[in-house]
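Source file: coords_18.pdb (PDB, C-alpha atoms, pLDDT in the B column)
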```
ATOM      1  CA  MET A  13       4.637   4.190  17.975  1.00 38.00           C
ATOM      2  CA  LYS A  14       8.439   4.102  17.855  1.00 42.00           C
ATOM      3  CA  LYS A  15      10.227   1.079  19.228  1.00 47.00           C
ATOM      4  CA  ASN A  16      13.738  -0.022  18.250  1.00 55.00           C
ATOM      5  CA  ASN A  17      13.603   2.441  15.318  1.00 68.00           C
ATOM      6  CA  GLU A  18      10.789   0.588  13.566  1.00 79.00           C
ATOM      7  CA  TYR A  19       7.123   1.211  12.853  1.00 84.00           C
ATOM      8  CA  PHE A  20       5.636  -0.646  15.804  1.00 87.00           C
ATOM      9  CA  TRP A  21       2.411  -2.684  15.683  1.00 92.00           C
ATOM     10  CA  LYS A  22       0.676  -3.527  18.965  1.00 91.00           C
ATOM     11  CA  ASN A  23      -2.039  -5.780  17.520  1.00 94.00           C
ATOM     12  CA  ASN A  24      -3.310  -7.356  14.305  1.00 94.00           C
ATOM     13  CA  LYS A  25      -6.616  -5.524  14.220  1.00 93.00           C
ATOM     14  CA  ALA A  26      -7.863  -3.011  11.644  1.00 92.00           C
ATOM     15  CA  ASP A  27      -6.618   0.561  11.734  1.00 88.00           C
ATOM     16  CA  ASN A  28      -8.750   3.530  10.683  1.00 83.00           C
ATOM     17  CA  SER A  29      -7.986   3.188   6.955  1.00 86.00           C
ATOM     18  CA  PHE A  30      -8.496  -0.547   6.564  1.00 89.00           C
ATOM     19  CA  SER A  31     -12.296  -0.617   6.312  1.00 91.00           C
ATOM     20  CA  TYR A  32     -12.724   1.684   3.326  1.00 94.00           C
ATOM     21  CA  LEU A  33      -9.567   0.436   1.579  1.00 96.00           C
ATOM     22  CA  SER A  34     -10.607  -3.182   1.977  1.00 96.00           C
ATOM     23  CA  ASN A  35     -13.949  -2.541   0.285  1.00 95.00           C
ATOM     24  CA  SER A  36     -12.379  -0.578  -2.571  1.00 97.00           C
ATOM     25  CA  ILE A  37      -9.609  -3.102  -3.214  1.00 98.00           C
ATOM     26  CA  LYS A  38     -12.063  -6.013  -3.247  1.00 97.00           C
ATOM     27  CA  LYS A  39     -14.202  -4.220  -5.853  1.00 97.00           C
ATOM     28  CA  ILE A  40     -11.105  -3.673  -8.003  1.00 98.00           C
ATOM     29  CA  LEU A  41      -9.942  -7.278  -7.658  1.00 98.00           C
ATOM     30  CA  ASN A  42     -13.359  -8.419  -8.851  1.00 97.00           C
ATOM     31  CA  LEU A  43     -12.466  -6.819 -12.195  1.00 96.00           C
ATOM     32  CA  TYR A  44      -9.540  -9.209 -12.642  1.00 95.00           C
ATOM     33  CA  ASN A  45      -9.220 -12.964 -12.962  1.00 95.00           C
ATOM     34  CA  THR A  46      -6.875 -13.482 -10.000  1.00 97.00           C
ATOM     35  CA  LYS A  47      -7.811 -16.924  -8.661  1.00 96.00           C
ATOM     36  CA  LYS A  48      -4.708 -18.644 -10.084  1.00 97.00           C
ATOM     37  CA  LEU A  49      -2.289 -15.779  -9.512  1.00 98.00           C
ATOM     38  CA  SER A  50       0.543 -15.366  -7.031  1.00 98.00           C
ATOM     39  CA  HIS A  51       0.276 -12.287  -4.804  1.00 98.00           C
ATOM     40  CA  LEU A  52       2.881 -10.218  -2.954  1.00 98.00           C
ATOM     41  CA  ASP A  53       1.805  -7.591  -0.416  1.00 98.00           C
ATOM     42  CA  ILE A  54       4.733  -5.219   0.172  1.00 98.00           C
ATOM     43  CA  GLY A  55       4.641  -3.407   3.517  1.00 97.00           C
ATOM     44  CA  CYS A  56       1.922  -5.736   4.773  1.00 97.00           C
ATOM     45  CA  GLY A  57       2.049  -4.304   8.294  1.00 95.00           C
ATOM     46  CA  ASN A  58       0.082  -6.409  10.768  1.00 96.00           C
ATOM     47  CA  GLY A  59      -1.353  -8.497   7.932  1.00 97.00           C
ATOM     48  CA  TYR A  60      -4.974  -7.474   8.460  1.00 96.00           C
ATOM     49  CA  LEU A  61      -5.603  -6.302   4.904  1.00 97.00           C
ATOM     50  CA  THR A  62      -3.435  -9.029   3.395  1.00 97.00           C
ATOM     51  CA  LYS A  63      -5.683 -11.613   5.017  1.00 97.00           C
ATOM     52  CA  LYS A  64      -8.818  -9.814   3.826  1.00 96.00           C
ATOM     53  CA  ILE A  65      -7.805 -10.051   0.153  1.00 97.00           C
ATOM     54  CA  SER A  66      -5.880 -13.347   0.215  1.00 97.00           C
ATOM     55  CA  ASN A  67      -8.885 -15.376  -0.994  1.00 96.00           C
ATOM     56  CA  TYR A  68      -8.646 -13.657  -4.357  1.00 98.00           C
ATOM     57  CA  PHE A  69      -5.309 -15.374  -5.064  1.00 98.00           C
ATOM     58  CA  GLU A  70      -3.861 -18.863  -5.227  1.00 98.00           C
ATOM     59  CA  HIS A  71      -0.614 -18.039  -3.404  1.00 97.00           C
ATOM     60  CA  CYS A  72       0.067 -15.088  -1.082  1.00 98.00           C
ATOM     61  CA  VAL A  73       3.195 -13.627   0.512  1.00 98.00           C
ATOM     62  CA  GLY A  74       3.323 -10.629   2.840  1.00 98.00           C
ATOM     63  CA  ILE A  75       6.567  -8.816   3.633  1.00 98.00           C
ATOM     64  CA  ASP A  76       7.432  -5.998   5.999  1.00 97.00           C
ATOM     65  CA  ILE A  77      10.662  -4.721   7.555  1.00 96.00           C
ATOM     66  CA  SER A  78       9.004  -4.268  10.958  1.00 95.00           C
ATOM     67  CA  LYS A  79       9.592  -7.154  13.356  1.00 96.00           C
ATOM     68  CA  SER A  80       6.461  -6.340  15.363  1.00 96.00           C
ATOM     69  CA  ALA A  81       4.374  -6.178  12.173  1.00 96.00           C
ATOM     70  CA  ILE A  82       5.292  -9.692  11.093  1.00 97.00           C
ATOM     71  CA  SER A  83       4.910 -10.962  14.646  1.00 97.00           C
ATOM     72  CA  GLN A  84       1.354  -9.629  14.790  1.00 97.00           C
ATOM     73  CA  ALA A  85       0.566 -10.897  11.269  1.00 97.00           C
ATOM     74  CA  LYS A  86       1.572 -14.429  12.274  1.00 97.00           C
ATOM     75  CA  LYS A  87      -0.160 -14.308  15.664  1.00 96.00           C
ATOM     76  CA  ASN A  88      -2.951 -16.913  15.890  1.00 95.00           C
ATOM     77  CA  TYR A  89      -2.844 -17.345  12.103  1.00 96.00           C
ATOM     78  CA  ASN A  90      -2.442 -20.625  10.237  1.00 96.00           C
ATOM     79  CA  GLY A  91      -3.806 -19.720   6.810  1.00 96.00           C
ATOM     80  CA  LYS A  92      -2.158 -19.873   3.406  1.00 96.00           C
ATOM     81  CA  ILE A  93      -0.306 -16.531   3.519  1.00 98.00           C
ATOM     82  CA  LYS A  94       3.449 -16.689   4.158  1.00 98.00           C
ATOM     83  CA  PHE A  95       4.592 -13.689   6.194  1.00 98.00           C
ATOM     84  CA  TYR A  96       8.268 -12.712   6.177  1.00 98.00           C
ATOM     85  CA  ARG A  97      10.332  -9.958   7.698  1.00 97.00           C
ATOM     86  CA  LYS A  98      12.157  -9.091   4.493  1.00 96.00           C
ATOM     87  CA  LYS A  99      13.056  -6.281   2.126  1.00 96.00           C
ATOM     88  CA  ILE A 100      12.180  -6.428  -1.566  1.00 96.00           C
ATOM     89  CA  SER A 101      15.848  -7.065  -2.324  1.00 94.00           C
ATOM     90  CA  ASN A 102      15.643 -10.332  -0.351  1.00 96.00           C
ATOM     91  CA  ILE A 103      12.861 -11.758  -2.536  1.00 95.00           C
ATOM     92  CA  ASN A 104      14.132 -13.859  -5.448  1.00 91.00           C
ATOM     93  CA  LYS A 105      10.979 -14.495  -7.498  1.00 95.00           C
ATOM     94  CA  LYS A 106       8.461 -12.615  -9.614  1.00 97.00           C
ATOM     95  CA  PHE A 107       4.778 -12.319  -8.707  1.00 98.00           C
ATOM     96  CA  ASN A 108       1.656 -12.012 -10.855  1.00 98.00           C
ATOM     97  CA  PHE A 109      -0.043  -9.402  -8.664  1.00 98.00           C
ATOM     98  CA  ILE A 110       1.531  -6.969  -6.193  1.00 98.00           C
ATOM     99  CA  THR A 111      -0.198  -4.701  -3.680  1.00 98.00           C
ATOM    100  CA  ILE A 112       1.460  -1.708  -2.020  1.00 98.00           C
ATOM    101  CA  ILE A 113      -1.132  -0.360   0.382  1.00 97.00           C
ATOM    102  CA  GLU A 114      -0.519   2.999   2.132  1.00 96.00           C
ATOM    103  CA  VAL A 115       3.263   2.539   2.038  1.00 97.00           C
ATOM    104  CA  ILE A 116       4.932   5.019  -0.331  1.00 97.00           C
ATOM    105  CA  GLU A 117       3.866   8.061   1.698  1.00 96.00           C
ATOM    106  CA  HIS A 118       6.173   6.830   4.483  1.00 94.00           C
ATOM    107  CA  LEU A 119       9.247   6.469   2.260  1.00 96.00           C
ATOM    108  CA  TYR A 120      12.132   8.916   1.939  1.00 95.00           C
ATOM    109  CA  SER A 121      12.705   7.839  -1.681  1.00 97.00           C
ATOM    110  CA  PRO A 122       9.642   6.438  -3.482  1.00 97.00           C
ATOM    111  CA  ASP A 123      11.755   6.498  -6.674  1.00 97.00           C
ATOM    112  CA  ASP A 124      14.245   4.044  -5.202  1.00 97.00           C
ATOM    113  CA  PHE A 125      11.366   1.873  -4.019  1.00 97.00           C
ATOM    114  CA  LEU A 126       9.764   1.682  -7.479  1.00 97.00           C
ATOM    115  CA  LYS A 127      13.095   0.852  -9.081  1.00 96.00           C
ATOM    116  CA  LYS A 128      13.395  -2.144  -6.749  1.00 96.00           C
ATOM    117  CA  LEU A 129      10.010  -3.445  -7.902  1.00 95.00           C
ATOM    118  CA  SER A 130      11.796  -4.872 -10.947  1.00 90.00           C
ATOM    119  CA  LEU A 131      13.149  -7.549  -8.612  1.00 94.00           C
ATOM    120  CA  VAL A 132       9.647  -8.943  -8.018  1.00 97.00           C
ATOM    121  CA  ALA A 133       7.699  -7.768 -11.070  1.00 97.00           C
ATOM    122  CA  ASP A 134       7.908  -8.232 -14.824  1.00 97.00           C
ATOM    123  CA  ASN A 135       5.875  -6.626 -17.611  1.00 95.00           C
ATOM    124  CA  LYS A 136       3.000  -9.054 -16.987  1.00 97.00           C
ATOM    125  CA  THR A 137       2.707  -8.190 -13.290  1.00 98.00           C
ATOM    126  CA  THR A 138      -0.255  -6.076 -12.208  1.00 98.00           C
ATOM    127  CA  ILE A 139       0.626  -3.644  -9.406  1.00 98.00           C
ATOM    128  CA  LEU A 140      -1.910  -1.921  -7.161  1.00 98.00           C
ATOM    129  CA  ILE A 141      -0.666   1.105  -5.209  1.00 98.00           C
ATOM    130  CA  THR A 142      -2.707   3.094  -2.705  1.00 98.00           C
ATOM    131  CA  THR A 143      -1.729   6.282  -0.911  1.00 98.00           C
ATOM    132  CA  PRO A 144      -3.592   9.118   0.833  1.00 96.00           C
ATOM    133  CA  TYR A 145      -5.055  11.450  -1.788  1.00 97.00           C
ATOM    134  CA  HIS A 146      -4.353  15.173  -1.913  1.00 96.00           C
ATOM    135  CA  SER A 147      -5.792  17.862  -4.139  1.00 94.00           C
ATOM    136  CA  PHE A 148      -6.380  21.615  -4.004  1.00 93.00           C
ATOM    137  CA  VAL A 149     -10.010  21.141  -2.901  1.00 92.00           C
ATOM    138  CA  LYS A 150      -9.204  18.594  -0.195  1.00 91.00           C
ATOM    139  CA  ASN A 151      -6.238  20.519   1.189  1.00 87.00           C
ATOM    140  CA  LEU A 152      -8.276  23.732   1.228  1.00 90.00           C
ATOM    141  CA  MET A 153     -10.993  21.985   3.248  1.00 89.00           C
ATOM    142  CA  ILE A 154      -8.380  20.617   5.679  1.00 87.00           C
ATOM    143  CA  ILE A 155      -7.166  24.181   6.290  1.00 87.00           C
ATOM    144  CA  LEU A 156     -10.652  25.723   6.547  1.00 91.00           C
ATOM    145  CA  LEU A 157     -11.762  23.070   9.038  1.00 90.00           C
ATOM    146  CA  GLY A 158      -8.691  23.656  11.224  1.00 91.00           C
ATOM    147  CA  LYS A 159      -7.320  20.151  10.615  1.00 89.00           C
ATOM    148  CA  PHE A 160      -3.919  21.128   9.198  1.00 83.00           C
ATOM    149  CA  ASP A 161      -1.792  20.246  12.246  1.00 87.00           C
ATOM    150  CA  ASN A 162      -3.556  16.933  12.659  1.00 84.00           C
ATOM    151  CA  HIS A 163      -3.371  15.933   8.991  1.00 84.00           C
ATOM    152  CA  PHE A 164       0.206  17.047   8.327  1.00 87.00           C
ATOM    153  CA  ASN A 165       1.411  16.087  11.786  1.00 87.00           C
ATOM    154  CA  PRO A 166       5.240  16.321  12.030  1.00 82.00           C
ATOM    155  CA  LEU A 167       5.153  14.759  15.515  1.00 85.00           C
ATOM    156  CA  TRP A 168       3.946  11.362  14.248  1.00 82.00           C
ATOM    157  CA  GLU A 169       6.944   9.031  14.441  1.00 84.00           C
ATOM    158  CA  HIS A 170       7.344   7.140  11.158  1.00 81.00           C
ATOM    159  CA  GLY A 171       4.352   9.025   9.787  1.00 87.00           C
ATOM    160  CA  HIS A 172       3.624  10.424   6.342  1.00 91.00           C
ATOM    161  CA  ILE A 173       6.455  12.362   4.720  1.00 93.00           C
ATOM    162  CA  LYS A 174       5.185  12.382   1.100  1.00 96.00           C
ATOM    163  CA  PHE A 175       1.826  13.834   0.047  1.00 96.00           C
ATOM    164  CA  PHE A 176       0.688  12.785  -3.418  1.00 97.00           C
ATOM    165  CA  THR A 177      -1.725  14.327  -5.861  1.00 97.00           C
ATOM    166  CA  LYS A 178      -2.960  12.383  -8.895  1.00 97.00           C
ATOM    167  CA  LYS A 179      -0.459  14.302 -11.043  1.00 97.00           C
ATOM    168  CA  SER A 180       2.574  13.724  -8.810  1.00 98.00           C
ATOM    169  CA  LEU A 181       1.839  10.017  -8.320  1.00 98.00           C
ATOM    170  CA  LYS A 182       1.461   9.577 -12.082  1.00 98.00           C
ATOM    171  CA  GLU A 183       4.777  11.355 -12.666  1.00 98.00           C
ATOM    172  CA  LEU A 184       6.474   9.142 -10.073  1.00 98.00           C
ATOM    173  CA  CYS A 185       5.250   6.006 -11.838  1.00 98.00           C
ATOM    174  CA  GLU A 186       6.057   7.127 -15.370  1.00 97.00           C
ATOM    175  CA  ARG A 187       9.588   8.298 -14.634  1.00 97.00           C
ATOM    176  CA  ASN A 188      10.296   4.891 -13.142  1.00 97.00           C
ATOM    177  CA  ASN A 189       9.126   3.066 -16.278  1.00 97.00           C
ATOM    178  CA  PHE A 190       5.608   2.164 -15.127  1.00 98.00           C
ATOM    179  CA  LYS A 191       2.450   2.834 -17.105  1.00 98.00           C
ATOM    180  CA  VAL A 192      -0.714   3.864 -15.275  1.00 98.00           C
ATOM    181  CA  LYS A 193      -3.553   1.609 -16.450  1.00 98.00           C
ATOM    182  CA  LYS A 194      -6.429   2.649 -14.179  1.00 98.00           C
ATOM    183  CA  ILE A 195      -7.139   5.124 -11.372  1.00 98.00           C
ATOM    184  CA  PHE A 196      -9.654   4.718  -8.550  1.00 98.00           C
ATOM    185  CA  TYR A 197     -10.545   6.668  -5.411  1.00 98.00           C
ATOM    186  CA  SER A 198     -11.402   5.319  -1.959  1.00 97.00           C
ATOM    187  CA  GLY A 199     -13.128   6.751   1.088  1.00 96.00           C
ATOM    188  CA  ARG A 200     -15.631   9.656   1.056  1.00 94.00           C
ATOM    189  CA  VAL A 201     -16.344  11.013  -2.457  1.00 94.00           C
ATOM    190  CA  TYR A 202     -14.114  12.623  -5.063  1.00 94.00           C
ATOM    191  CA  PRO A 203     -12.568  15.256  -4.873  1.00 93.00           C
ATOM    192  CA  ILE A 204     -12.204  14.824  -1.106  1.00 94.00           C
ATOM    193  CA  SER A 205     -11.414  11.114  -1.245  1.00 96.00           C
ATOM    194  CA  LYS A 206      -9.267   9.636   1.492  1.00 96.00           C
ATOM    195  CA  SER A 207      -7.008   7.602  -0.790  1.00 97.00           C
ATOM    196  CA  ILE A 208      -6.121   7.235  -4.451  1.00 98.00           C
ATOM    197  CA  ILE A 209      -5.520   3.824  -6.029  1.00 98.00           C
ATOM    198  CA  PHE A 210      -3.360   3.290  -9.115  1.00 98.00           C
ATOM    199  CA  ILE A 211      -3.163   0.119 -11.199  1.00 98.00           C
ATOM    200  CA  ILE A 212       0.211   0.126 -12.959  1.00 98.00           C
ATOM    201  CA  LYS A 213       2.385  -2.139 -15.097  1.00 98.00           C
ATOM    202  CA  LYS A 214       5.972  -2.020 -16.250  1.00 97.00           C
ATOM    203  CA  LYS A 215       6.411  -0.462 -19.685  1.00 94.00           C
TER     204      LYS A 215
END
```

Write out the structure in this file as structure tokens.
Amino acid sequence: MKKNNEYFWKNNKADNSFSYLSNSIKKILNLYNTKKLSHLDIGCGNGYLTKKISNYFEHCVGIDISKSAISQAKKNYNGKIKFYRKKISNINKKFNFITIIEVIEHLYSPDDFLKKLSLVADNKTTILITTPYHSFVKNLMIILLGKFDNHFNPLWEHGHIKFFTKKSLKELCERNNFKVKKIFYSGRVYPISKSIIFIIKKK
């Protein structure tokens, strides 16, 4: 919903992607020793998912440029996560672990976004990126089931404007000096998964 030219959040409850992403991300985090790590969630939205995974880290920060998002994230919350209405360029420290959950598909320039990650990440930082998954099989099924207008909806204010395949997301990462370490899928079953999850590090 558009309000004051921002992505507007009306509540701090789960949206339709949070349940399957939460389960997948928790399984991935169990593969890492994160208990003493600092965590930054970029584009944290209403904070729902940030709160779900915060127990895996020692320190947590969530940032978003939406005023309503941060307002909802802070609403009735007094836990350890620090929520800020900030851009990456306003953060002056590096983090051990960064999550970017269902964000890059909304961005006009994902390249510019990844370049700015150097402000908060070094070559020891583990970065987890999720985005809706697209492939020939999945897109064909969307068309055959008559879901094209709904899935690629141009009327959704602040909606998805980038649609990534495994190949295009890998190219995006590599040309911005990030190495893809692991790839996971979330929601349904491959090759019609709902989202793709990359674990990347700076080269």

Using only C-alpha atoms, the best pick from A:Ser29, A:Glu114, A:Asn67, A:Asn45 as closest to Gly171 (chain A) would be A:Glu114

Identify the residues around (8.7, 9.5, -1.4) within a radius of 10 Å, measuring from all atoms listed in the file in the coordinates stated by the file, and give them as a list in words.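 Checked against the point, the hits come out as Val115, Ile116, Glu117, His118, Leu119, Tyr120, Ser121, Pro122, Asp123, Asp124, Phe125, Leu126, His172, Ile173, Lys174, Phe175, Phe176, Leu181 and Leu184 of chain A.
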
*asked:* Need to verify the contact set: Tyr60 (chain A), 7 Å, only C-alpha atoms, exclusion of same-chain residues closer than 6 positions in sequence. Can you return it as a PyMOL selection string?
replied: chain A and resi 24-26

Worksheet item: Taking the file as shown, what set of residues would the PyMOL selection byres ((chain A and resi 145-152) around 6) give back, as an MDAnalysis selection string?
Response: chainID A and resid 144 153:155 176:177 204 206:208

Smallest atom-to-atom distance to Lys98 (chain A): which of A:Ser34, A:Ile54, A:Asp134, A:Ile113, using only C-alpha atoms?
->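 Closest residue, counting only C-alpha atoms: A:Ile54.
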
*Sel. within 9 Å of pt (11.1, -7.2, -6.5), counting only C-alpha atoms, output as a VMD selection string*: chain A and resid 99 to 107 127 to 134

Query raised in the report: Selected by the PyMOL selection byres ((chain A and resi 96) around 10) in the shown coordinates: which residues, as a list in words?
Result: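 The output of the PyMOL selection byres ((chain A and resi 96) around 10) on this file is Cys56, Val73, Gly74, Ile75, Asp76, Ile77, Ser78, Lys79, Ala81, Ile82, Ser83, Ala85, Lys86, Ile93, Lys94, Phe95, Arg97, Lys98, Lys99 and Ile103 of chain A.
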
query: In Å, how far is it from CA of Gln84 (chain A) to CA of Trp21 (chain A)?
result: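 It comes out at 7.1 Å.
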
From the list A:Ile209, A:Cys72, A:Ile40, A:Leu157, the nearest residue to Lys178 (chain A) using only C-alpha atoms is A:Ile209

Exercise. Quick one: distance from CA of Ile37 (chain A) to CA of Ser180 (chain A) in Å, one decimal?
Worked result: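 It comes out at 21.5 Å.
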
- Item | Selection dump of the PyMOL selection byres ((chain A and resi 140) around 10), as a PyMOL selection string | chain A and resi 37+40-41+53+109-113+137-139+141-142+194-195+209-213

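Coordinates place CA of Thr62 (chain A) at a distance of 17.0 Å from CA of Lys22 (chain A).
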
Leu52 (chain A) proximity check over A:Thr143, A:Ser36, A:Asn23, A:Ser66, using all atoms listed in the file: winner is A:Ser66

What would region 113-132 of chain A look like with N, CA and C atoms in place, written as a tab-separated table (two decimals), keeping the file's coordinate frame?
```
chain	number	residue	atom	x	y	z
A	113	ILE	N	0.00	-1.06	-0.21
A	113	ILE	CA	-1.13	-0.36	0.38
A	113	ILE	C	-0.68	0.62	1.47
A	114	GLU	N	-0.86	1.93	1.18
A	114	GLU	CA	-0.52	3.00	2.13
A	114	GLU	C	0.92	2.85	2.64
A	115	VAL	N	1.85	2.72	1.70
A	115	VAL	CA	3.26	2.54	2.04
A	115	VAL	C	4.13	3.69	1.54
A	116	ILE	N	3.96	4.10	0.27
A	116	ILE	CA	4.93	5.02	-0.33
A	116	ILE	C	4.96	6.39	0.33
A	117	GLU	N	3.87	6.76	1.01
A	117	GLU	CA	3.87	8.06	1.70
A	117	GLU	C	4.79	8.10	2.91
A	118	HIS	N	5.26	6.92	3.34
A	118	HIS	CA	6.17	6.83	4.48
A	118	HIS	C	7.64	6.79	4.05
A	119	LEU	N	7.90	6.73	2.75
A	119	LEU	CA	9.25	6.47	2.26
A	119	LEU	C	10.01	7.74	1.92
A	120	TYR	N	11.28	7.77	2.28
A	120	TYR	CA	12.13	8.92	1.94
A	120	TYR	C	12.32	9.00	0.43
A	121	SER	N	12.50	7.85	-0.23
A	121	SER	CA	12.70	7.84	-1.68
A	121	SER	C	11.75	6.85	-2.37
A	122	PRO	N	10.55	7.29	-2.72
A	122	PRO	CA	9.64	6.44	-3.48
A	122	PRO	C	10.24	6.01	-4.83
A	123	ASP	N	11.10	6.85	-5.42
A	123	ASP	CA	11.76	6.50	-6.67
A	123	ASP	C	12.60	5.24	-6.51
A	124	ASP	N	13.40	5.20	-5.47
A	124	ASP	CA	14.24	4.04	-5.20
A	124	ASP	C	13.39	2.80	-4.97
A	125	PHE	N	12.28	2.99	-4.28
A	125	PHE	CA	11.37	1.87	-4.02
A	125	PHE	C	10.81	1.30	-5.32
A	126	LEU	N	10.34	2.16	-6.22
A	126	LEU	CA	9.76	1.68	-7.48
A	126	LEU	C	10.81	1.02	-8.36
A	127	LYS	N	12.03	1.50	-8.31
A	127	LYS	CA	13.10	0.85	-9.08
A	127	LYS	C	13.30	-0.58	-8.60
A	128	LYS	N	13.19	-0.81	-7.31
A	128	LYS	CA	13.40	-2.14	-6.75
A	128	LYS	C	12.25	-3.10	-7.08
A	129	LEU	N	11.12	-2.58	-7.54
A	129	LEU	CA	10.01	-3.44	-7.90
A	129	LEU	C	10.37	-4.38	-9.05
A	130	SER	N	11.37	-4.01	-9.85
A	130	SER	CA	11.80	-4.87	-10.95
A	130	SER	C	12.30	-6.22	-10.46
A	131	LEU	N	12.67	-6.29	-9.18
A	131	LEU	CA	13.15	-7.55	-8.61
A	131	LEU	C	12.01	-8.55	-8.42
A	132	VAL	N	10.79	-8.06	-8.29
A	132	VAL	CA	9.65	-8.94	-8.02
A	132	VAL	C	8.54	-8.83	-9.05
```
